[in-house]
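Each remark here refers to the structure printed beneath this line.
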Amino acid sequence: MIQESLEEMNTMLRKSQKRLQHWVVESHDTKQLITSLGTVTFEKNLFTNKETGESEYLLDRIIGLEKHERITEDAQVRMLKEAVQTSYRRGGEETNLTTDVKKQTVKNKIHALEFPKNNEKPEKKKAIEYLYIEADEDHASLQFREKKGDLVENENHQKNNCLITKLVYIHEGIEKEAPKSKRHKLVNPYYFCGTSYGEENSEFWDEVYEYISNHYDLDKVKKIYLSSDGGTWIKSGMKRIAGITYVLDEFHLEKYLIKLTSNMKDSREDALDELRTAIRSKTKQDFEEIVDRLKDCLENEAGLKRIAAARDYILSNWMAAKLRLRHQNGVKGSSTEGHVSHVLSSRMSSRLMGWSIQGATKMAKLRAYEMKGGDMLALARYQKRELPKAAGAEYDVISSSDMLQAEKNRHGELGKYVDCITHTLSIQNKKKAYFNSHIWGL
């Protein structure tokens, strides 16, 4: 059916009197097009402009195919939906029902993705008391940085193959999934992902701030809390957003408290309680005195270094740790580690795999796009660039309505057929949403 439709369109182009004024048939060619239903093979004509001598496939312009495009939008949607969850190979297998697409093709499509920015500006901004930003990072392994073989080992036999993937998400608080449920969920979360390469950290945080200022009435927000582990790239983001309050996330606070008390055995819980009390309501000096007593119980150098590192981390994030343990003025629990695992690690680092910088950057952004509920069909269509008008064309070669009207006026009997086609297209437009999500978007 798809083949017959495309060839019929090509025939109407070839016989069009309007087309004859400017174009002549140069050759008859065959093209293969991968759709979600399978591979379609059809015939089309190459036309040459009489005035300029430039050649173009006018059928490609009518159906919106770019030069050398071989995969339709509906097939790309199936590819992206699978590749964002599993692998390039499985993305190729799911592209259509009859033929596997090579994983290299899937990789090329992922690498070429461009993502639309959220420029939406609601007429009425949300008025809330507290807004929450949570940030953390994952570490993906690189196959290379610029070219194959450029990864080098240091004196500790470690390669410089680590790439930081960044995650920031905004939400309005936490609520139960259901009235009697023990599980909780974030209220209206919105996600941003990137890497330590490809864009400046300031640009990344500017995008976060732009979303906040476009959607929330900041004059009515009492506090904006940033919950994180205190990473350098995260703290630098605080400078991009005015009035932000930094809170240390629970996972990293507990991690370093455990490092301080890991040698205490049976008295470990008592030591943890004492440290938490000192952080919550006492001074740095009180905290350091407790740490000194813990150090007296150790003699090995490794243990002393561990305690020193944990002490320095908590002291460098002292006020953020206090705010976390006090749980006052709207401070909520954080879920950064769980989100990093779900959004980034599950696809990019939980299994053995290697990335290029470009591939990791695009996949991180694709994961964020999916978490935001982005429509993969809309993303596939966003990749379409406005095709330049054929060289020398003095009329709109993609105006199918003009072409149909010209044929209708020239042939009375054909006019009835054109009316039938037009009526059918009208019905198809009404069912567009159904076709986009279930069948094909050609």
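FYI, nothing fancy with the structure tokens labels: chains A, B, ... in order, residues from 1 per chain, ligands from 1 as they appear.
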
Expected answer as a PyMOL selection string: alpha helix (DSSP H) residues in segment 81-136 of chain A:
chain A and resi 81-83+88-93+103-111

With N, CA and C atoms retained, export the selected residues as an mmCIF file, in the first residue's frame.
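File written: out-v1.cif
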```cif
data_model
loop_
_atom_site.group_PDB
_atom_site.id
_atom_site.type_symbol
_atom_site.label_atom_id
_atom_site.label_comp_id
_atom_site.auth_asym_id
_atom_site.auth_seq_id
_atom_site.Cartn_x
_atom_site.Cartn_y
_atom_site.Cartn_z
ATOM 1 N N LYS A 81 13.042 4.574 20.875
ATOM 2 C CA LYS A 81 12.413 4.035 22.073
ATOM 3 C C LYS A 81 13.170 2.839 22.626
ATOM 4 N N GLU A 82 13.721 2.021 21.749
ATOM 5 C CA GLU A 82 14.465 0.852 22.216
ATOM 6 C C GLU A 82 15.898 1.214 22.587
ATOM 7 N N ALA A 83 16.552 2.029 21.771
ATOM 8 C CA ALA A 83 17.958 2.371 22.020
ATOM 9 C C ALA A 83 18.133 3.146 23.320
ATOM 10 N N TYR A 88 22.303 -0.061 21.196
ATOM 11 C CA TYR A 88 22.202 0.269 19.773
ATOM 12 C C TYR A 88 21.774 -0.957 18.964
ATOM 13 N N ARG A 89 22.298 -2.108 19.320
ATOM 14 C CA ARG A 89 21.979 -3.332 18.562
ATOM 15 C C ARG A 89 20.486 -3.634 18.629
ATOM 16 N N ARG A 90 19.927 -3.619 19.825
ATOM 17 C CA ARG A 90 18.503 -3.912 19.963
ATOM 18 C C ARG A 90 17.643 -2.809 19.375
ATOM 19 N N GLY A 91 18.152 -1.582 19.387
ATOM 20 C CA GLY A 91 17.438 -0.501 18.718
ATOM 21 C C GLY A 91 17.305 -0.761 17.237
ATOM 22 N N GLY A 92 18.392 -1.317 16.625
ATOM 23 C CA GLY A 92 18.334 -1.678 15.212
ATOM 24 C C GLY A 92 17.383 -2.824 14.942
ATOM 25 N N GLU A 93 17.325 -3.768 15.862
ATOM 26 C CA GLU A 93 16.431 -4.912 15.686
ATOM 27 C C GLU A 93 14.966 -4.509 15.771
ATOM 28 N N LYS A 103 23.705 -1.643 13.944
ATOM 29 C CA LYS A 103 23.881 -0.809 15.131
ATOM 30 C C LYS A 103 24.686 0.450 14.821
ATOM 31 N N GLN A 104 25.520 0.413 13.776
ATOM 32 C CA GLN A 104 26.253 1.617 13.368
ATOM 33 C C GLN A 104 25.285 2.694 12.887
ATOM 34 N N THR A 105 24.220 2.275 12.193
ATOM 35 C CA THR A 105 23.202 3.222 11.742
ATOM 36 C C THR A 105 22.491 3.854 12.927
ATOM 37 N N VAL A 106 22.180 3.028 13.934
ATOM 38 C CA VAL A 106 21.535 3.545 15.142
ATOM 39 C C VAL A 106 22.459 4.542 15.840
ATOM 40 N N LYS A 107 23.740 4.189 15.939
ATOM 41 C CA LYS A 107 24.703 5.093 16.570
ATOM 42 C C LYS A 107 24.762 6.424 15.837
ATOM 43 N N ASN A 108 24.789 6.379 14.517
ATOM 44 C CA ASN A 108 24.847 7.617 13.726
ATOM 45 C C ASN A 108 23.617 8.489 13.979
ATOM 46 N N LYS A 109 22.451 7.850 14.101
ATOM 47 C CA LYS A 109 21.223 8.604 14.364
ATOM 48 C C LYS A 109 21.267 9.250 15.743
ATOM 49 N N ILE A 110 21.751 8.509 16.745
ATOM 50 C CA ILE A 110 21.843 9.049 18.099
ATOM 51 C C ILE A 110 22.828 10.219 18.136
ATOM 52 N N HIS A 111 23.990 10.053 17.477
ATOM 53 C CA HIS A 111 25.015 11.092 17.488
ATOM 54 C C HIS A 111 24.530 12.378 16.816
#
```

May I have the residues within 10 Å of Tyr169 of chain A as a PDB file with all heavy atoms, in the first residue's frame, using only C-alpha atoms and disregarding those fewer than 4 positions away in the same chain?
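So result20.pdb came out as:
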```
ATOM      1  N   TYR A 132      12.580  22.674  44.869  1.00  0.00           N
ATOM      2  CA  TYR A 132      13.717  21.800  45.163  1.00  0.00           C
ATOM      3  C   TYR A 132      14.488  21.460  43.881  1.00  0.00           C
ATOM      4  O   TYR A 132      13.892  21.100  42.866  1.00  0.00           O
ATOM      5  CB  TYR A 132      13.229  20.506  45.816  1.00  0.00           C
ATOM      6  CG  TYR A 132      12.440  20.754  47.077  1.00  0.00           C
ATOM      7  CD1 TYR A 132      11.052  20.921  47.028  1.00  0.00           C
ATOM      8  CD2 TYR A 132      13.071  20.859  48.311  1.00  0.00           C
ATOM      9  CE1 TYR A 132      10.320  21.172  48.179  1.00  0.00           C
ATOM     10  CE2 TYR A 132      12.354  21.102  49.472  1.00  0.00           C
ATOM     11  CZ  TYR A 132      10.976  21.265  49.398  1.00  0.00           C
ATOM     12  OH  TYR A 132      10.265  21.516  50.539  1.00  0.00           O
ATOM     13  N   ILE A 133      15.794  21.604  43.972  1.00  0.00           N
ATOM     14  CA  ILE A 133      16.701  21.192  42.898  1.00  0.00           C
ATOM     15  C   ILE A 133      17.620  20.124  43.472  1.00  0.00           C
ATOM     16  O   ILE A 133      18.217  20.322  44.536  1.00  0.00           O
ATOM     17  CB  ILE A 133      17.550  22.368  42.380  1.00  0.00           C
ATOM     18  CG1 ILE A 133      16.663  23.531  41.947  1.00  0.00           C
ATOM     19  CG2 ILE A 133      18.443  21.923  41.230  1.00  0.00           C
ATOM     20  CD1 ILE A 133      17.451  24.786  41.586  1.00  0.00           C
ATOM     21  N   GLU A 134      17.711  18.998  42.804  1.00  0.00           N
ATOM     22  CA  GLU A 134      18.620  17.943  43.246  1.00  0.00           C
ATOM     23  C   GLU A 134      19.595  17.647  42.108  1.00  0.00           C
ATOM     24  O   GLU A 134      19.192  17.595  40.931  1.00  0.00           O
ATOM     25  CB  GLU A 134      17.844  16.693  43.652  1.00  0.00           C
ATOM     26  CG  GLU A 134      16.900  16.961  44.818  1.00  0.00           C
ATOM     27  CD  GLU A 134      16.247  15.705  45.367  1.00  0.00           C
ATOM     28  OE1 GLU A 134      16.825  14.610  45.194  1.00  0.00           O
ATOM     29  OE2 GLU A 134      15.164  15.814  45.968  1.00  0.00           O
ATOM     30  N   ALA A 135      20.848  17.480  42.466  1.00  0.00           N
ATOM     31  CA  ALA A 135      21.890  17.297  41.448  1.00  0.00           C
ATOM     32  C   ALA A 135      22.884  16.235  41.893  1.00  0.00           C
ATOM     33  O   ALA A 135      23.227  16.142  43.071  1.00  0.00           O
ATOM     34  CB  ALA A 135      22.620  18.625  41.205  1.00  0.00           C
ATOM     35  N   ASP A 136      23.336  15.449  40.933  1.00  0.00           N
ATOM     36  CA  ASP A 136      24.369  14.445  41.196  1.00  0.00           C
ATOM     37  C   ASP A 136      24.979  14.054  39.864  1.00  0.00           C
ATOM     38  O   ASP A 136      24.599  14.580  38.804  1.00  0.00           O
ATOM     39  CB  ASP A 136      23.790  13.231  41.915  1.00  0.00           C
ATOM     40  CG  ASP A 136      24.831  12.494  42.749  1.00  0.00           C
ATOM     41  OD1 ASP A 136      26.041  12.764  42.567  1.00  0.00           O
ATOM     42  OD2 ASP A 136      24.456  11.644  43.565  1.00  0.00           O
ATOM     43  N   PRO A 189       8.240  16.623  38.554  1.00  0.00           N
ATOM     44  CA  PRO A 189       9.695  16.684  38.300  1.00  0.00           C
ATOM     45  C   PRO A 189      10.001  17.070  36.857  1.00  0.00           C
ATOM     46  O   PRO A 189       9.209  16.810  35.949  1.00  0.00           O
ATOM     47  CB  PRO A 189      10.151  15.254  38.592  1.00  0.00           C
ATOM     48  CG  PRO A 189       8.957  14.411  38.258  1.00  0.00           C
ATOM     49  CD  PRO A 189       7.752  15.239  38.646  1.00  0.00           C
ATOM     50  N   TYR A 190      11.150  17.697  36.669  1.00  0.00           N
ATOM     51  CA  TYR A 190      11.626  18.057  35.329  1.00  0.00           C
ATOM     52  C   TYR A 190      13.139  17.836  35.304  1.00  0.00           C
ATOM     53  O   TYR A 190      13.845  18.281  36.209  1.00  0.00           O
ATOM     54  CB  TYR A 190      11.291  19.511  34.995  1.00  0.00           C
ATOM     55  CG  TYR A 190      11.419  19.831  33.530  1.00  0.00           C
ATOM     56  CD1 TYR A 190      10.374  19.599  32.650  1.00  0.00           C
ATOM     57  CD2 TYR A 190      12.602  20.357  33.015  1.00  0.00           C
ATOM     58  CE1 TYR A 190      10.491  19.884  31.302  1.00  0.00           C
ATOM     59  CE2 TYR A 190      12.725  20.647  31.666  1.00  0.00           C
ATOM     60  CZ  TYR A 190      11.665  20.405  30.818  1.00  0.00           C
ATOM     61  OH  TYR A 190      11.795  20.677  29.483  1.00  0.00           O
ATOM     62  N   TYR A 191      13.645  17.164  34.257  1.00  0.00           N
ATOM     63  CA  TYR A 191      15.010  16.650  34.258  1.00  0.00           C
ATOM     64  C   TYR A 191      15.906  17.357  33.242  1.00  0.00           C
ATOM     65  O   TYR A 191      15.472  17.733  32.152  1.00  0.00           O
ATOM     66  CB  TYR A 191      14.996  15.144  33.948  1.00  0.00           C
ATOM     67  CG  TYR A 191      14.254  14.322  34.975  1.00  0.00           C
ATOM     68  CD1 TYR A 191      12.869  14.174  34.904  1.00  0.00           C
ATOM     69  CD2 TYR A 191      14.917  13.706  36.027  1.00  0.00           C
ATOM     70  CE1 TYR A 191      12.176  13.433  35.853  1.00  0.00           C
ATOM     71  CE2 TYR A 191      14.237  12.958  36.974  1.00  0.00           C
ATOM     72  CZ  TYR A 191      12.869  12.825  36.883  1.00  0.00           C
ATOM     73  OH  TYR A 191      12.196  12.105  37.823  1.00  0.00           O
ATOM     74  N   PHE A 192      17.187  17.478  33.622  1.00  0.00           N
ATOM     75  CA  PHE A 192      18.236  17.987  32.740  1.00  0.00           C
ATOM     76  C   PHE A 192      19.436  17.044  32.854  1.00  0.00           C
ATOM     77  O   PHE A 192      19.826  16.670  33.958  1.00  0.00           O
ATOM     78  CB  PHE A 192      18.674  19.395  33.145  1.00  0.00           C
ATOM     79  CG  PHE A 192      17.575  20.423  33.138  1.00  0.00           C
ATOM     80  CD1 PHE A 192      16.768  20.595  34.247  1.00  0.00           C
ATOM     81  CD2 PHE A 192      17.356  21.217  32.022  1.00  0.00           C
ATOM     82  CE1 PHE A 192      15.760  21.544  34.257  1.00  0.00           C
ATOM     83  CE2 PHE A 192      16.347  22.168  32.022  1.00  0.00           C
ATOM     84  CZ  PHE A 192      15.546  22.331  33.138  1.00  0.00           C
ATOM     85  N   CYS A 193      20.014  16.677  31.722  1.00  0.00           N
ATOM     86  CA  CYS A 193      21.213  15.835  31.723  1.00  0.00           C
ATOM     87  C   CYS A 193      22.241  16.411  30.756  1.00  0.00           C
ATOM     88  O   CYS A 193      21.895  17.076  29.769  1.00  0.00           O
ATOM     89  CB  CYS A 193      20.889  14.396  31.313  1.00  0.00           C
ATOM     90  SG  CYS A 193      20.035  13.445  32.577  1.00  0.00           S
ATOM     91  N   VAL A 208      18.758  25.513  33.284  1.00  0.00           N
ATOM     92  CA  VAL A 208      17.976  25.173  34.470  1.00  0.00           C
ATOM     93  C   VAL A 208      17.261  26.414  35.001  1.00  0.00           C
ATOM     94  O   VAL A 208      16.058  26.393  35.306  1.00  0.00           O
ATOM     95  CB  VAL A 208      18.881  24.561  35.566  1.00  0.00           C
ATOM     96  CG1 VAL A 208      18.080  24.317  36.843  1.00  0.00           C
ATOM     97  CG2 VAL A 208      19.515  23.262  35.076  1.00  0.00           C
ATOM     98  N   LEU A 226      18.910  23.414  47.058  1.00  0.00           N
ATOM     99  CA  LEU A 226      19.727  22.587  46.170  1.00  0.00           C
ATOM    100  C   LEU A 226      20.338  21.463  46.995  1.00  0.00           C
ATOM    101  O   LEU A 226      21.167  21.698  47.879  1.00  0.00           O
ATOM    102  CB  LEU A 226      20.838  23.413  45.518  1.00  0.00           C
ATOM    103  CG  LEU A 226      21.897  22.626  44.737  1.00  0.00           C
ATOM    104  CD1 LEU A 226      21.268  21.865  43.574  1.00  0.00           C
ATOM    105  CD2 LEU A 226      22.996  23.555  44.221  1.00  0.00           C
ATOM    106  N   THR A 336      18.771  11.619  45.235  1.00  0.00           N
ATOM    107  CA  THR A 336      19.699  11.790  44.114  1.00  0.00           C
ATOM    108  C   THR A 336      20.321  10.478  43.663  1.00  0.00           C
ATOM    109  O   THR A 336      20.416  10.218  42.460  1.00  0.00           O
ATOM    110  CB  THR A 336      20.814  12.778  44.493  1.00  0.00           C
ATOM    111  OG1 THR A 336      21.416  12.359  45.728  1.00  0.00           O
ATOM    112  CG2 THR A 336      20.271  14.176  44.665  1.00  0.00           C
ATOM    113  N   HIS A 339      17.912   8.382  41.689  1.00  0.00           N
ATOM    114  CA  HIS A 339      17.647   8.942  40.367  1.00  0.00           C
ATOM    115  C   HIS A 339      18.840   8.768  39.432  1.00  0.00           C
ATOM    116  O   HIS A 339      18.664   8.520  38.231  1.00  0.00           O
ATOM    117  CB  HIS A 339      17.274  10.428  40.491  1.00  0.00           C
ATOM    118  CG  HIS A 339      15.819  10.644  40.754  1.00  0.00           C
ATOM    119  ND1 HIS A 339      15.265  10.543  42.008  1.00  0.00           N
ATOM    120  CD2 HIS A 339      14.798  10.937  39.912  1.00  0.00           C
ATOM    121  CE1 HIS A 339      13.968  10.779  41.925  1.00  0.00           C
ATOM    122  NE2 HIS A 339      13.656  11.023  40.671  1.00  0.00           N
ATOM    123  N   ALA A 368      17.182  12.114  29.577  1.00  0.00           N
ATOM    124  CA  ALA A 368      16.440  13.205  30.216  1.00  0.00           C
ATOM    125  C   ALA A 368      15.169  13.521  29.432  1.00  0.00           C
ATOM    126  O   ALA A 368      14.107  13.759  30.020  1.00  0.00           O
ATOM    127  CB  ALA A 368      17.322  14.446  30.326  1.00  0.00           C
ATOM    128  N   LYS A 372      11.296  13.269  30.915  1.00  0.00           N
ATOM    129  CA  LYS A 372      10.373  14.401  30.915  1.00  0.00           C
ATOM    130  C   LYS A 372       9.072  14.083  30.186  1.00  0.00           C
ATOM    131  O   LYS A 372       8.194  14.939  30.076  1.00  0.00           O
ATOM    132  CB  LYS A 372      11.038  15.617  30.260  1.00  0.00           C
ATOM    133  CG  LYS A 372      12.159  16.214  31.072  1.00  0.00           C
ATOM    134  CD  LYS A 372      12.761  17.439  30.433  1.00  0.00           C
ATOM    135  CE  LYS A 372      13.619  17.112  29.254  1.00  0.00           C
ATOM    136  NZ  LYS A 372      14.427  18.246  28.793  1.00  0.00           N
TER     137      LYS A 372
END
```

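In terms of minimum interatomic distance to Ala360 of chain A, A:Cys162 ranks closest within A:Cys297, A:Leu379, A:Leu272, A:Cys162, counting only C-alpha atoms.
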
Neighbouring residues of segment 140-153 of chain A were defined as those with any atom within 8 Å, considering only C-alpha atoms; residues of the same chain fewer than 3 positions away were excluded. Please report them as an MDAnalysis selection string.
chainID A and resid 156:165 348:349 353:357 360

Atoms kept (N, CA and C atoms) for selection, written as a short mmCIF file (atom, residue, chain, number, x, y, z; two decimals), in the first residue's frame:
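Done, and the output landed in out_7.cif:
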```cif
data_model
loop_
_atom_site.label_atom_id
_atom_site.label_comp_id
_atom_site.auth_asym_id
_atom_site.auth_seq_id
_atom_site.Cartn_x
_atom_site.Cartn_y
_atom_site.Cartn_z
N ASN A 156 49.51 4.80 38.63
CA ASN A 156 48.71 3.81 39.37
C ASN A 156 47.97 2.85 38.42
N HIS A 157 48.38 2.88 37.14
CA HIS A 157 47.80 2.00 36.11
C HIS A 157 46.29 2.29 35.92
N GLN A 158 45.91 3.54 36.05
CA GLN A 158 44.53 3.96 35.80
C GLN A 158 44.48 4.80 34.54
N LYS A 159 43.50 4.50 33.68
CA LYS A 159 43.36 5.24 32.43
C LYS A 159 42.49 6.48 32.63
N ASN A 160 42.74 7.47 31.81
CA ASN A 160 41.93 8.70 31.85
C ASN A 160 40.69 8.54 30.99
N ASN A 161 39.92 7.49 31.32
CA ASN A 161 38.76 7.17 30.48
C ASN A 161 37.43 7.46 31.19
N CYS A 162 37.45 8.31 32.20
CA CYS A 162 36.23 8.60 32.95
C CYS A 162 35.55 9.86 32.40
N LEU A 163 34.26 9.78 32.21
CA LEU A 163 33.47 10.91 31.74
C LEU A 163 32.35 11.16 32.75
N ILE A 164 32.23 12.37 33.24
CA ILE A 164 31.17 12.72 34.18
C ILE A 164 29.89 13.01 33.42
N THR A 165 28.83 12.30 33.77
CA THR A 165 27.50 12.59 33.22
C THR A 165 26.69 13.27 34.33
N MET A 348 23.89 3.58 31.07
CA MET A 348 25.20 4.02 30.61
C MET A 348 26.39 3.45 31.35
N SER A 349 26.20 2.92 32.57
CA SER A 349 27.38 2.47 33.31
C SER A 349 27.19 1.23 34.16
N MET A 353 30.44 -1.24 29.23
CA MET A 353 30.28 -0.62 27.92
C MET A 353 31.19 0.60 27.85
N GLY A 354 31.55 0.95 26.64
CA GLY A 354 32.40 2.11 26.41
C GLY A 354 31.72 3.10 25.49
N TRP A 355 31.94 4.38 25.75
CA TRP A 355 31.27 5.44 24.99
C TRP A 355 32.29 6.36 24.34
N SER A 356 31.83 7.04 23.31
CA SER A 356 32.56 8.22 22.83
C SER A 356 31.97 9.42 23.58
N ILE A 357 32.66 10.53 23.58
CA ILE A 357 32.15 11.71 24.27
C ILE A 357 30.82 12.16 23.66
N ALA A 360 27.98 9.58 24.56
CA ALA A 360 27.55 9.68 25.96
C ALA A 360 26.73 10.94 26.19
#
```

Any idea what's packed within 9 Å of Ser334 of chain A, counting only C-alpha atoms, ignoring anything in its chain fewer than 4 positions away? Could you give it as a ChimeraX atom specification?
/A:134,227-228,248-251

Residue contacts of segment 285-295 of chain A (7 Å, only C-alpha atoms) excluding same-chain residues fewer than 5 positions away, as a list in words:
Leu275, Ala278, Ile279 and Leu304 of chain A

Excluding Ser316 of chain A and its own-chain neighbours fewer than 4 positions away, which residues fall within 9 Å of it when counting only C-alpha atoms? Please give them as a list in words.
Gly230, Arg311 and Asp312 of chain A

Keeping only N, CA, C and O atoms, write those residues as an mmCIF file, in the first residue's frame.
```
data_model
loop_
_atom_site.group_PDB
_atom_site.id
_atom_site.type_symbol
_atom_site.label_atom_id
_atom_site.label_comp_id
_atom_site.auth_asym_id
_atom_site.auth_seq_id
_atom_site.Cartn_x
_atom_site.Cartn_y
_atom_site.Cartn_z
ATOM 1 N N GLY A 230 27.817 18.231 46.898
ATOM 2 C CA GLY A 230 28.789 19.317 46.982
ATOM 3 C C GLY A 230 29.872 19.283 45.931
ATOM 4 O O GLY A 230 30.944 19.872 46.121
ATOM 5 N N ARG A 311 36.310 13.726 57.805
ATOM 6 C CA ARG A 311 36.172 14.941 58.608
ATOM 7 C C ARG A 311 36.224 16.186 57.727
ATOM 8 O O ARG A 311 35.391 17.091 57.841
ATOM 9 N N ASP A 312 37.206 16.235 56.810
ATOM 10 C CA ASP A 312 37.352 17.402 55.934
ATOM 11 C C ASP A 312 36.123 17.597 55.052
ATOM 12 O O ASP A 312 35.702 18.730 54.785
#
```

Just want the 6 Å neighbourhood of segment 36-50 of chain A, counted on only C-alpha atoms, with same-chain residues fewer than 2 positions away dropped. Output as a CSV table (one decimal) with N, CA, C and O atoms, in the first residue's frame.
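The resulting file, around.csv, is reproduced below:
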```csv
chain,number,residue,atom,x,y,z
A,3,GLN,N,4.0,1.4,-1.0
A,3,GLN,CA,4.7,1.5,-2.3
A,3,GLN,C,3.7,2.1,-3.4
A,3,GLN,O,4.1,3.0,-4.2
A,10,ASN,N,4.5,9.9,-7.5
A,10,ASN,CA,5.5,10.1,-8.5
A,10,ASN,C,5.0,10.2,-9.9
A,10,ASN,O,5.4,11.0,-10.7
A,22,HIS,N,8.9,23.7,-16.0
A,22,HIS,CA,10.2,23.9,-15.5
A,22,HIS,C,11.2,22.7,-15.4
A,22,HIS,O,12.4,22.9,-15.3
A,23,TRP,N,10.6,21.5,-15.4
A,23,TRP,CA,11.4,20.3,-15.2
A,23,TRP,C,11.2,19.3,-16.2
A,23,TRP,O,10.1,19.1,-16.8
A,24,VAL,N,12.3,18.6,-16.5
A,24,VAL,CA,12.2,17.4,-17.4
A,24,VAL,C,12.7,16.2,-16.7
A,24,VAL,O,13.5,16.3,-15.7
A,25,VAL,N,12.2,15.0,-17.1
A,25,VAL,CA,12.6,13.8,-16.5
A,25,VAL,C,14.0,13.4,-16.9
A,25,VAL,O,14.3,13.3,-18.1
A,26,GLU,N,14.8,13.2,-15.9
A,26,GLU,CA,16.2,12.9,-16.2
A,26,GLU,C,16.5,11.4,-16.2
A,26,GLU,O,17.1,10.8,-17.0
A,27,SER,N,15.9,10.7,-15.2
A,27,SER,CA,16.1,9.2,-15.1
A,27,SER,C,15.0,8.6,-14.2
A,27,SER,O,14.3,9.3,-13.5
A,28,HIS,N,14.9,7.3,-14.3
A,28,HIS,CA,14.0,6.5,-13.5
A,28,HIS,C,14.9,5.7,-12.5
A,28,HIS,O,15.7,4.9,-12.9
A,29,ASP,N,14.7,5.9,-11.2
A,29,ASP,CA,15.5,5.2,-10.2
A,29,ASP,C,14.6,4.4,-9.3
A,29,ASP,O,13.4,4.6,-9.2
A,30,THR,N,15.3,3.5,-8.5
A,30,THR,CA,14.6,2.7,-7.5
A,30,THR,C,15.2,3.1,-6.1
A,30,THR,O,16.4,3.2,-5.9
A,31,LYS,N,14.3,3.2,-5.1
A,31,LYS,CA,14.7,3.6,-3.8
A,31,LYS,C,14.1,2.6,-2.7
A,31,LYS,O,13.0,2.2,-2.9
A,32,GLN,N,14.9,2.3,-1.7
A,32,GLN,CA,14.5,1.5,-0.6
A,32,GLN,C,14.3,2.4,0.6
A,32,GLN,O,15.1,3.2,0.9
A,33,LEU,N,13.2,2.3,1.3
A,33,LEU,CA,12.8,3.1,2.4
A,33,LEU,C,12.4,2.2,3.6
A,33,LEU,O,11.5,1.3,3.4
A,34,ILE,N,13.1,2.3,4.7
A,34,ILE,CA,12.8,1.5,5.9
A,34,ILE,C,11.7,2.1,6.7
A,34,ILE,O,11.8,3.3,7.2
A,52,THR,N,18.4,25.9,-14.9
A,52,THR,CA,19.7,25.9,-14.2
A,52,THR,C,20.5,24.6,-14.4
A,52,THR,O,21.7,24.5,-14.1
A,53,GLY,N,19.8,23.5,-14.8
A,53,GLY,CA,20.5,22.3,-15.0
A,53,GLY,C,20.6,21.5,-13.7
A,53,GLY,O,21.2,20.4,-13.7
A,54,GLU,N,20.1,22.0,-12.6
A,54,GLU,CA,20.2,21.3,-11.3
A,54,GLU,C,19.2,20.2,-11.3
A,54,GLU,O,18.1,20.3,-11.9
A,55,SER,N,19.5,19.1,-10.6
A,55,SER,CA,18.7,17.9,-10.6
A,55,SER,C,18.2,17.7,-9.2
A,55,SER,O,18.9,17.9,-8.2
A,56,GLU,N,17.0,17.1,-9.0
A,56,GLU,CA,16.4,16.8,-7.7
A,56,GLU,C,15.3,15.8,-7.9
A,56,GLU,O,14.6,15.7,-8.9
A,57,TYR,N,15.1,15.0,-6.8
A,57,TYR,CA,14.0,14.1,-6.7
A,57,TYR,C,12.8,14.9,-6.1
A,57,TYR,O,12.8,15.1,-4.9
A,74,ASP,N,8.4,7.0,11.6
A,74,ASP,CA,7.9,6.0,12.4
A,74,ASP,C,8.9,4.9,12.8
A,74,ASP,O,8.9,4.4,13.9
A,75,ALA,N,9.8,4.6,11.8
A,75,ALA,CA,10.8,3.6,12.1
A,75,ALA,C,11.9,4.2,13.1
A,75,ALA,O,12.4,3.5,14.0
A,96,ASN,N,12.1,-2.1,12.5
A,96,ASN,CA,11.0,-2.5,11.8
A,96,ASN,C,10.7,-4.0,12.0
A,96,ASN,O,11.5,-4.7,12.7
A,97,LEU,N,9.7,-4.5,11.4
A,97,LEU,CA,9.2,-5.8,11.7
A,97,LEU,C,9.9,-6.9,10.8
A,97,LEU,O,9.8,-8.1,11.2
A,98,THR,N,10.6,-6.5,9.8
A,98,THR,CA,11.2,-7.6,8.9
A,98,THR,C,12.7,-7.5,8.8
A,98,THR,O,13.3,-8.6,8.5
```

Distance atom CA of Glu200 of chain A-atom CA of Leu131 of chain A, one decimal place?
24.6 Å

When DSSP is applied to the backbone of this structure, which of segment 127-363 of chain A are assigned strand (DSSP E or B)? Write them out as a PyMOL selection string.
chain A and resi 130-142+153+159+162-171+174-176+184-186+190-195+216+223-228+244-248+355

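Relative to atom CA of Arg70 of chain A, atom CA of Leu13 of chain A is found at 21.1 Å.
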